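coords-v8.txt (compact mmCIF, C-alpha atoms and all ligand atoms) appears below.
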# COMPACT_ATOMS: atom_id res chain seq x y z
CA MET A 333 -8.56 147.20 -32.87
CA GLU A 334 -5.71 144.73 -32.59
CA SER A 335 -6.25 141.41 -34.35
CA THR A 336 -5.56 137.98 -32.93
CA LEU A 337 -2.97 135.75 -34.54
CA ALA A 338 -4.22 134.08 -37.71
CA TYR A 339 -6.37 131.14 -36.68
CA ALA A 340 -4.40 128.89 -39.03
CA TRP A 341 -1.54 129.16 -36.51
CA TYR A 342 -3.58 127.23 -33.98
CA SER A 343 -3.89 124.07 -36.04
CA ASP A 344 -0.98 124.02 -38.50
CA PRO A 345 1.59 121.27 -37.67
CA GLU A 346 4.31 123.29 -39.43
CA ILE A 347 3.67 126.25 -37.09
CA LEU A 348 3.95 123.93 -34.09
CA ARG A 349 7.24 122.56 -35.43
CA ARG A 350 8.60 126.11 -35.68
CA GLU A 351 7.26 127.03 -32.24
CA GLU A 352 9.06 124.07 -30.73
CA GLU A 353 12.29 124.88 -32.52
CA ARG A 354 12.33 128.64 -32.01
CA ILE A 355 10.25 129.26 -28.88
CA LEU A 356 9.91 126.26 -26.61
CA ARG A 357 13.24 124.42 -26.92
CA PRO A 358 15.32 127.55 -26.27
CA ALA A 359 13.18 128.44 -23.21
CA TRP A 360 13.76 127.48 -19.59
CA GLN A 361 11.00 125.05 -18.64
CA TYR A 362 9.65 124.28 -15.18
CA ALA A 363 10.54 120.62 -14.68
CA GLY A 364 9.59 119.72 -11.12
CA HIS A 365 10.76 120.42 -7.58
CA THR A 366 13.74 119.57 -5.43
CA GLY A 367 11.58 117.44 -3.11
CA GLN A 368 11.35 114.87 -5.93
CA LEU A 369 15.07 114.20 -5.50
CA GLY A 370 14.60 112.93 -1.93
CA ASP A 371 17.18 113.67 0.75
CA GLY A 372 20.32 112.20 -0.83
CA ALA A 373 21.19 110.91 -4.27
CA GLY A 374 18.30 110.42 -6.65
CA PHE A 375 16.56 111.41 -9.86
CA PHE A 376 13.22 112.26 -11.38
CA ALA A 377 12.00 112.00 -14.96
CA THR A 378 10.38 115.02 -16.56
CA ARG A 379 10.19 116.76 -19.91
CA SER A 380 11.19 119.98 -21.57
CA GLY A 381 8.49 120.46 -24.16
CA ARG A 382 8.49 117.11 -25.94
CA THR A 383 12.08 116.28 -24.95
CA PRO A 384 12.26 113.62 -22.21
CA VAL A 385 14.60 114.86 -19.48
CA VAL A 386 15.95 113.31 -16.29
CA VAL A 387 17.06 115.52 -13.40
CA THR A 388 19.61 113.96 -11.02
CA ARG A 389 21.25 114.87 -7.74
CA ASP A 390 24.40 113.02 -6.72
CA GLY A 391 25.58 112.19 -3.20
CA ALA A 392 27.50 115.47 -3.03
CA GLY A 393 24.30 117.43 -3.75
CA VAL A 394 25.15 118.43 -7.34
CA ILE A 395 22.02 118.73 -9.49
CA ARG A 396 22.34 117.85 -13.17
CA ALA A 397 19.94 117.19 -16.02
CA PHE A 398 20.20 115.07 -19.15
CA VAL A 399 18.18 114.13 -22.18
CA ASN A 400 16.45 111.01 -20.87
CA VAL A 401 17.26 108.98 -23.98
CA CYS A 402 19.60 105.99 -24.01
CA ARG A 403 22.71 106.40 -26.12
CA HIS A 404 22.38 102.78 -27.28
CA ARG A 405 19.22 102.65 -29.36
CA GLY A 406 17.16 105.49 -28.03
CA SER A 407 14.87 104.13 -25.36
CA VAL A 408 13.62 106.50 -22.70
CA ILE A 409 15.53 105.43 -19.59
CA ALA A 410 14.17 106.80 -16.31
CA GLU A 411 10.54 106.94 -15.24
CA GLY A 412 9.00 108.52 -12.17
CA GLU A 413 11.36 109.35 -9.35
CA SER A 414 13.75 107.24 -7.32
CA ALA A 415 16.49 107.45 -4.70
CA ARG A 416 18.75 105.12 -6.75
CA GLU A 417 22.36 106.02 -7.57
CA THR A 418 22.26 104.77 -11.15
CA LEU A 419 19.99 105.04 -14.16
CA GLN A 420 19.44 101.76 -15.93
CA CYS A 421 17.87 101.52 -19.36
CA PRO A 422 15.02 98.98 -19.37
CA TYR A 423 15.85 97.77 -22.90
CA HIS A 424 19.38 96.25 -22.70
CA ALA A 425 20.43 97.40 -19.22
CA TRP A 426 22.99 100.01 -20.13
CA THR A 427 23.68 101.72 -16.82
CA TYR A 428 24.54 105.38 -16.29
CA GLY A 429 25.75 107.25 -13.21
CA LEU A 430 23.94 110.29 -11.84
CA ASP A 431 26.72 112.30 -13.52
CA GLY A 432 25.49 110.95 -16.88
CA ARG A 433 28.55 108.76 -17.55
CA LEU A 434 27.97 105.34 -19.04
CA ARG A 435 29.11 102.97 -16.31
CA ALA A 436 28.28 99.58 -17.74
CA ALA A 437 26.95 98.05 -20.94
CA PRO A 438 26.42 94.28 -21.02
CA ARG A 439 28.80 92.50 -23.49
CA SER A 440 30.74 95.73 -24.19
CA ASP A 441 33.95 93.81 -23.35
CA GLU A 442 33.29 91.77 -26.51
CA GLU A 443 33.40 94.98 -28.60
CA PRO A 444 37.02 96.00 -29.32
CA GLY A 445 37.50 99.72 -28.68
CA PHE A 446 33.99 100.19 -27.24
CA PRO A 447 33.88 104.01 -26.77
CA ARG A 448 32.29 104.02 -23.34
CA ASP A 449 33.51 107.50 -22.48
CA GLU A 450 31.76 108.94 -25.52
CA LEU A 451 28.41 107.38 -24.74
CA GLY A 452 27.33 109.40 -21.72
CA LEU A 453 23.89 110.99 -21.53
CA VAL A 454 23.46 114.27 -23.37
CA PRO A 455 23.48 117.10 -20.78
CA VAL A 456 20.88 119.85 -20.61
CA ALA A 457 21.07 123.02 -18.52
CA VAL A 458 19.42 122.94 -15.10
CA ASP A 459 18.97 125.51 -12.34
CA THR A 460 16.67 126.21 -9.42
CA TRP A 461 14.65 129.04 -7.92
CA GLY A 462 13.79 128.02 -4.38
CA PRO A 463 12.30 124.52 -4.64
CA PHE A 464 11.46 124.97 -8.34
CA VAL A 465 13.69 123.10 -10.82
CA PHE A 466 14.03 124.45 -14.35
CA VAL A 467 15.71 122.81 -17.34
CA ASN A 468 16.72 124.14 -20.72
CA ALA A 469 17.30 121.79 -23.65
CA GLY A 470 18.44 124.54 -26.01
CA THR A 471 22.00 125.41 -26.94
CA ASP A 472 23.81 128.01 -24.86
CA PRO A 473 20.86 129.29 -22.77
CA GLU A 474 20.95 132.56 -20.88
CA PRO A 475 21.14 132.21 -17.07
CA LEU A 476 17.83 131.23 -15.44
CA SER A 477 17.94 134.35 -13.26
CA ASP A 478 17.94 136.53 -16.40
CA THR A 479 14.91 134.66 -17.71
CA LEU A 480 13.02 134.98 -14.43
CA GLY A 481 13.68 138.72 -14.25
CA SER A 482 11.51 140.37 -11.59
CA LEU A 483 9.34 137.27 -11.09
CA PRO A 484 11.06 136.08 -7.86
CA ALA A 485 10.82 139.60 -6.38
CA GLN A 486 7.14 139.89 -7.32
CA VAL A 487 6.38 136.51 -5.76
CA ALA A 488 8.43 137.45 -2.68
CA GLU A 489 6.00 140.33 -2.06
CA LEU A 490 3.57 137.63 -0.93
CA LEU A 491 5.57 134.48 -0.18
CA ASP A 492 8.89 133.01 0.87
CA VAL A 493 9.27 130.24 -1.71
CA ASP A 494 11.95 128.51 0.38
CA ALA A 495 9.45 128.00 3.19
CA LEU A 496 6.91 126.17 1.02
CA VAL A 497 6.08 122.46 1.21
CA HIS A 498 5.07 120.54 -1.91
CA HIS A 499 1.55 119.18 -1.56
CA SER A 500 0.48 117.54 -4.83
CA ARG A 501 0.60 117.60 -8.59
CA TRP A 502 -2.39 118.10 -10.87
CA GLU A 503 -2.15 116.87 -14.48
CA ALA A 504 -4.45 117.21 -17.46
CA GLU A 505 -4.65 116.95 -21.22
CA VAL A 506 -6.78 119.46 -23.05
CA ALA A 507 -8.12 119.26 -26.62
CA ALA A 508 -6.87 122.71 -27.62
CA ASN A 509 -3.79 124.36 -29.05
CA TRP A 510 -1.27 125.38 -26.38
CA LYS A 511 -1.53 129.07 -27.31
CA ILE A 512 -5.28 129.04 -26.67
CA VAL A 513 -4.58 127.67 -23.19
CA CYS A 514 -1.96 130.40 -22.59
CA GLU A 515 -4.27 133.13 -23.89
CA ASN A 516 -7.08 131.95 -21.66
CA PHE A 517 -4.71 132.22 -18.68
CA LEU A 518 -3.81 135.77 -19.72
CA GLU A 519 -7.18 137.48 -19.45
CA CYS A 520 -9.86 137.72 -16.84
CA TYR A 521 -12.32 139.38 -19.21
CA HIS A 522 -14.07 135.99 -19.18
CA CYS A 523 -14.08 135.65 -15.38
CA GLN A 524 -17.34 137.49 -14.69
CA VAL A 525 -19.11 135.40 -17.32
CA ALA A 526 -17.49 132.02 -16.91
CA HIS A 527 -16.11 131.81 -13.35
CA PRO A 528 -18.90 132.90 -10.97
CA ALA A 529 -17.24 131.39 -7.87
CA PHE A 530 -13.88 133.01 -8.70
CA SER A 531 -15.55 136.37 -9.32
CA ASP A 532 -17.29 136.18 -5.95
CA VAL A 533 -13.87 135.98 -4.28
CA VAL A 534 -11.71 138.20 -6.50
CA ASP A 535 -12.77 141.66 -7.69
CA VAL A 536 -12.49 141.20 -11.46
CA SER A 537 -13.69 144.68 -12.46
CA PRO A 538 -11.18 146.41 -14.75
CA ASP A 539 -10.24 149.12 -12.24
CA ALA A 540 -9.49 146.63 -9.45
CA TYR A 541 -7.91 143.81 -11.45
CA LEU A 542 -4.48 145.06 -12.50
CA LEU A 543 -2.53 143.90 -15.53
CA SER A 544 1.14 144.56 -16.19
CA THR A 545 4.00 143.30 -18.34
CA GLU A 546 7.74 143.47 -17.99
CA GLY A 547 9.97 141.74 -20.51
CA ASN A 548 8.59 138.23 -20.99
CA LEU A 549 6.58 138.41 -17.78
CA SER A 550 2.85 139.17 -17.49
CA THR A 551 1.23 139.76 -14.11
CA GLN A 552 -2.39 139.93 -12.99
CA ARG A 553 -3.22 141.16 -9.50
CA GLY A 554 -6.68 140.85 -8.04
CA VAL A 555 -7.81 142.10 -4.64
CA LEU A 556 -10.08 139.87 -2.56
CA ARG A 557 -13.67 141.01 -2.19
CA THR A 558 -13.86 139.26 1.13
CA ALA A 559 -10.46 139.90 2.75
CA THR A 560 -10.34 139.21 6.49
CA PRO A 561 -7.66 140.06 9.06
CA GLU A 562 -6.63 136.38 9.09
CA ASP A 563 -5.65 136.55 5.43
CA GLU A 564 -1.86 136.50 5.25
CA LEU A 565 -2.02 137.10 1.49
CA PRO A 566 -4.23 140.10 0.77
CA ARG A 567 -4.55 139.48 -2.96
CA ALA A 568 -4.38 136.93 -5.73
CA GLN A 569 -1.48 137.17 -8.13
CA PHE A 570 -1.12 135.29 -11.40
CA HIS A 571 2.09 135.30 -13.38
CA PHE A 572 2.81 134.12 -16.87
CA LEU A 573 6.38 133.86 -18.08
CA TRP A 574 6.41 133.67 -21.86
CA PRO A 575 6.35 131.30 -23.59
CA ASN A 576 4.49 128.80 -21.41
CA LEU A 577 4.88 129.02 -17.62
CA GLY A 578 1.89 129.73 -15.40
CA ILE A 579 1.99 130.59 -11.70
CA ASN A 580 -1.04 131.07 -9.45
CA ILE A 581 -1.07 132.54 -5.98
CA PHE A 582 -4.49 132.88 -4.38
CA GLY A 583 -5.33 135.19 -1.50
CA GLY A 584 -5.56 133.86 2.04
CA LYS A 585 -2.82 131.54 3.28
CA PRO A 586 0.61 130.87 1.77
CA ASN A 587 0.04 128.95 -1.48
CA ILE A 588 1.39 128.74 -4.99
CA SER A 589 0.93 126.50 -7.98
CA ILE A 590 3.36 126.43 -10.88
CA GLY A 591 3.62 124.53 -14.12
CA PRO A 592 4.12 124.61 -17.88
CA ILE A 593 1.62 124.51 -20.75
CA VAL A 594 3.09 121.94 -23.15
CA PRO A 595 1.97 121.27 -26.72
CA LEU A 596 1.63 117.58 -27.59
CA ALA A 597 0.09 118.17 -31.01
CA PRO A 598 -1.51 121.21 -32.69
CA ASP A 599 -4.82 120.29 -31.04
CA ARG A 600 -3.60 118.73 -27.79
CA THR A 601 -1.95 120.30 -24.75
CA TYR A 602 -0.53 118.77 -21.58
CA ARG A 603 -0.45 120.68 -18.34
CA PHE A 604 0.71 120.01 -14.86
CA LEU A 605 0.69 122.17 -11.77
CA ASP A 606 2.72 121.57 -8.63
CA TYR A 607 0.88 122.88 -5.57
CA PHE A 608 2.86 124.14 -2.61
CA PHE A 609 1.58 125.53 0.69
CA GLY A 610 3.11 127.11 3.76
CA ALA A 611 4.10 124.51 6.37
CA GLY A 612 1.37 125.58 8.81
CA VAL A 613 -1.57 125.75 6.39
CA ASP A 614 -4.38 123.49 7.59
CA ALA A 615 -5.72 120.61 5.52
CA ASP A 616 -9.26 122.01 5.32
CA TRP A 617 -8.08 125.27 3.80
CA ILE A 618 -5.94 123.34 1.30
CA ALA A 619 -8.83 121.05 0.35
CA GLU A 620 -11.10 124.05 -0.17
CA LEU A 621 -8.55 125.81 -2.37
CA LEU A 622 -7.94 122.70 -4.47
CA ALA A 623 -11.69 122.19 -4.96
CA PHE A 624 -12.10 125.86 -5.91
CA ASP A 625 -9.21 125.72 -8.37
CA ASP A 626 -10.48 122.45 -9.83
CA GLN A 627 -13.85 124.10 -10.47
CA VAL A 628 -12.17 127.03 -12.26
CA GLY A 629 -10.03 124.54 -14.21
CA ARG A 630 -13.06 122.60 -15.42
CA GLU A 631 -14.73 125.82 -16.52
CA ASP A 632 -11.57 126.83 -18.41
CA ARG A 633 -11.25 123.43 -20.10
CA LYS A 634 -14.67 123.83 -21.71
CA LEU A 635 -13.82 127.40 -22.77
CA VAL A 636 -10.52 126.55 -24.46
CA GLU A 637 -11.83 123.40 -26.14
CA ASP A 638 -14.75 125.42 -27.54
CA VAL A 639 -12.29 128.05 -28.82
CA HIS A 640 -10.15 125.37 -30.43
CA ARG A 641 -13.12 123.87 -32.28
CA GLY A 642 -14.04 127.36 -33.49
CA VAL A 643 -10.62 128.51 -34.66
CA ALA A 644 -9.66 125.12 -36.13
CA SER A 645 -12.82 125.03 -38.24
CA GLY A 646 -11.09 127.23 -40.80
CA ALA A 647 -14.32 129.15 -41.32
CA VAL A 648 -13.02 132.45 -39.89
CA GLU A 649 -9.59 133.93 -40.55
CA ARG A 650 -8.90 135.68 -37.24
CA GLY A 651 -10.49 137.55 -34.32
CA VAL A 652 -9.91 140.78 -32.40
CA LEU A 653 -8.53 141.67 -28.97
CA MET A 654 -10.03 144.05 -26.41
CA GLY A 655 -7.22 146.59 -26.08
CA ARG A 656 -7.41 147.03 -22.31
CA SER A 657 -8.79 143.80 -20.89
CA GLU A 658 -6.81 141.56 -23.26
CA GLN A 659 -3.55 143.52 -23.36
CA LEU A 660 -1.62 140.54 -21.95
CA ILE A 661 -2.77 138.41 -24.88
CA GLY A 662 -1.53 141.16 -27.20
CA HIS A 663 1.84 140.94 -25.42
CA PHE A 664 1.89 137.13 -25.74
CA GLN A 665 1.04 137.31 -29.43
CA GLN A 666 3.67 139.96 -30.17
CA LEU A 667 6.39 137.88 -28.50
CA THR A 668 5.21 134.73 -30.28
CA ALA A 669 4.94 136.34 -33.73
CA ALA A 670 8.36 138.01 -33.35
CA ALA A 671 9.97 134.69 -32.45
CA LEU A 672 8.42 132.97 -35.47
CA ALA A 673 9.15 135.76 -37.97
S1 LIG B 1 18.28 101.12 -25.84
FE1 LIG B 1 19.03 101.44 -23.85
S2 LIG B 1 20.23 99.71 -23.47
FE2 LIG B 1 19.56 99.40 -25.48
FE FE B 2 -10.42 131.13 -16.74
Kindly return the structure encoded in the file as C-alpha cells.
Ligand code: FES
Ligand SMILES: [Fe+2]
Amino acid sequence: MESTLAYAWYSDPEILRREEERILRPAWQYAGHTGQLGDGAGFFATRSGRTPVVVTRDGAGVIRAFVNVCRHRGSVIAEGESARETLQCPYHAWTYGLDGRLRAAPRSDEEPGFPRDELGLVPVAVDTWGPFVFVNAGTDPEPLSDTLGSLPAQVAELLDVDALVHHSRWEAEVAANWKIVCENFLECYHCQVAHPAFSDVVDVSPDAYLLSTEGNLSTQRGVLRTATPEDELPRAQFHFLWPNLGINIFGGKPNISIGPIVPLAPDRTYRFLDYFFGAGVDADWIAELLAFDDQVGREDRKLVEDVHRGVASGAVERGVLMGRSEQLIGHFQQLTAAALA
C-alpha cells in the first residue's frame, strides 16, 4: 500500500519555505478575472502565494502585472480594484503608471541624480485564459498555455469560458496545512460518508466517479444521479492543476468556480473561489448552487481541520493511501515530493 507523505511535512516551517521556493513561486497562480479591470484602464490587487501582486490594464488594453511593493521603502501599494490610471503608494505618495514606471516621487528634485528610471515596479509574468487572469512571480516561467495543458479543452467539453459572467467571490481561511486542503479536494472517497447532499446529486460510487491524471492535471468526473433533459451540463467535473489550483463545474446550468489554495503558515491556508455563471442562468438556480457548495465547503473545513490536528500532533509518522480511490492524492504527493527532493 502506498504511504502518505511524512506527517512532519504538514507542520514543518522549513518544508513550507522550500515548498514556496520550489513549488509555489515558480507556478502560474490564478490571480483574478478580467472583469476586475473594468472597461478601460485600471488595476486590481492580488497575490501569488505570499507575494503581493498588482495586475494592471492600460488605456490601450495591455495587461501587465507587478510585485505590489513600493520601490521606496517596501509598502504594499494597491488595494482592492480601481479604474484609476496611476498607482499611488499610501506611505509617501510615490506614484507609478500602469506600465510600472515611477512617474513622481515627492521631493525627488532635491535629490541630485535621483534614478527615477531604475525605480519602476518589479514585473511579474501575466497571461489569461478566457476571463481568468494568471500571474507567475518566478523567473523565466514556461508559457501559461503549456502549464494549462489539456485543461481548457476539458473544460470546453462542458462550457464556453468566454461566455461566462463573474458572479461573486468566496473567501476563507482554514486551520490546516495547504496540502491537506489539496488532498481533500483530490478524493471523493469521503463523499459518501461526509457529504450526504453531494452524494445524493452525484453518483460517487467508484465505477461511476472517474479519476484521471495528465501531466500536472487531475480530473474527477461524476455523473448526476438526477439528470433531467433541462440540464445543459450532464455531469460534474472537478479539476486540480498541481500545485494548488482548484476548479469546480457542477452539473445543470453553465457554472464554474476557480481559485488557488494558498499557504499562509504551516497550519493556515487561505482560499478564494471566483464563481462564474452563464449569462442566462437564473438567480434561484445560482442561489441554490451557492448554498449547496457552501454546505459542502463547511463539511470539508471540519474534515481538513481534524486531519491537521491529527497529523500535526506528531504522534503518528504517516498514513496510507487507498490505491484506487485516492490515486489522485498519490499523484499530488509524487509531484510534490519530486519537486522538494
Ligand atoms: S514606501 Fe512607498 S512611498 Fe515610501
Ligand atoms: Fe469534500
Under the rule that only C-alpha atoms and all ligand atoms are counted, which of A:Ala436, A:Val456, A:Leu356, A:Cys514 is the nearest residue to ligand FE 2 (chain B)?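 Checking each of A:Ala436, A:Val456, A:Leu356, A:Cys514 against ligand FE 2 (chain B), counting only C-alpha atoms and all ligand atoms, the winner is A:Cys514.
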Around all of segment 666-672 of chain A's listed atoms, make the axis-aligned box with 3 Å on each side and tell me centre and edge lengths in Å to one decimal, as lines of an AutoDock Vina configuration file.
center_x = 6.8
center_y = 136.5
center_z = -32.0
size_x = 12.3
size_y = 13.0
size_z = 13.0
Residues within 9 Å of ligand LIG 1 (chain B), counting all atoms listed in the file, as a list in words: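 Residues satisfying the distance criterion: Val401, Cys402, Arg403, His404, Arg405, Gly406, Ser407, Val408, Ile409, Gln420, Cys421, Pro422, Tyr423, His424, Ala425, Trp426, Thr427, Ala437 and Pro438 of chain A.
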Can you write out the residues you just picked, keeping C-alpha atoms, as an mmCIF file, keeping the file's coordinate frame?
data_model
loop_
_atom_site.group_PDB
_atom_site.id
_atom_site.type_symbol
_atom_site.label_atom_id
_atom_site.label_comp_id
_atom_site.auth_asym_id
_atom_site.auth_seq_id
_atom_site.Cartn_x
_atom_site.Cartn_y
_atom_site.Cartn_z
ATOM 1 C CA VAL A 401 17.260 108.980 -23.980
ATOM 2 C CA CYS A 402 19.600 105.990 -24.010
ATOM 3 C CA ARG A 403 22.710 106.400 -26.120
ATOM 4 C CA HIS A 404 22.380 102.780 -27.280
ATOM 5 C CA ARG A 405 19.220 102.650 -29.360
ATOM 6 C CA GLY A 406 17.160 105.490 -28.030
ATOM 7 C CA SER A 407 14.870 104.130 -25.360
ATOM 8 C CA VAL A 408 13.620 106.500 -22.700
ATOM 9 C CA ILE A 409 15.530 105.430 -19.590
ATOM 10 C CA GLN A 420 19.440 101.760 -15.930
ATOM 11 C CA CYS A 421 17.870 101.520 -19.360
ATOM 12 C CA PRO A 422 15.020 98.980 -19.370
ATOM 13 C CA TYR A 423 15.850 97.770 -22.900
ATOM 14 C CA HIS A 424 19.380 96.250 -22.700
ATOM 15 C CA ALA A 425 20.430 97.400 -19.220
ATOM 16 C CA TRP A 426 22.990 100.010 -20.130
ATOM 17 C CA THR A 427 23.680 101.720 -16.820
ATOM 18 C CA ALA A 437 26.950 98.050 -20.940
ATOM 19 C CA PRO A 438 26.420 94.280 -21.020
#
Name the residues, by chain letter and number, that sit within 8 Å of ligand FE 2 (chain B) using only C-alpha atoms and all ligand atoms, and give them as a PyMOL selection string. chain A and resi 516-517+519-520+522-523+526-527+628-629+631-632+635
Starting from the point (19.0, 123.3, -20.5), work out which residues of protein, DNA or RNA have an atom no more than 6 Å away when counting all atoms listed in the file; state them as a ChimeraX atom specification. /A:456-458,467-470
Those residues you just picked out, can you put them in a file as a PDB file, in the coordinates of the input with C-alpha atoms?
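Heads up, here's the output in again_33.pdb:
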ATOM      1  CA  VAL A 456      20.880 119.850 -20.610  1.00  0.00           C
ATOM      2  CA  ALA A 457      21.070 123.020 -18.520  1.00  0.00           C
ATOM      3  CA  VAL A 458      19.420 122.940 -15.100  1.00  0.00           C
ATOM      4  CA  VAL A 467      15.710 122.810 -17.340  1.00  0.00           C
ATOM      5  CA  ASN A 468      16.720 124.140 -20.720  1.00  0.00           C
ATOM      6  CA  ALA A 469      17.300 121.790 -23.650  1.00  0.00           C
ATOM      7  CA  GLY A 470      18.440 124.540 -26.010  1.00  0.00           C
TER       8      GLY A 470
END
Residues at most 9 Å from Asn580 of chain A, counting all atoms listed in the file, excluding those fewer than 6 positions away in the same chain, as a ChimeraX atom specification? /A:568-572,587-590
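Take atom CA of Glu649 of chain A and atom CA of Gln666 of chain A: the distance between them is 17.9 Å.
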Residues within 12 Å of Arg641 of chain A, all atoms listed in the file, excluding chain neighbours under 6 positions, as a list in words: Tyr339, Tyr342, Ser343, Ala507, Ala508, Asn509, Ile512, Pro598, Asp599, Arg600, Lys634, Leu635, Ala647 and Val648 of chain A
Point out the residue among A:Trp574, A:Trp510, A:Phe582, A:Trp617 with the least atom-to-atom distance to Thr601 of chain A, counting only C-alpha atoms.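 Using only C-alpha atoms, the shortest distance to Thr601 of chain A belongs to A:Trp510.
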Select, from A:Gly584, A:Gly578, A:Pro358, A:Gly374, the residue with the minimum atom-to-atom distance to Pro566 of chain A, counting all atoms listed in the file.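 So, comparing all the options, the nearest one is A:Gly584.
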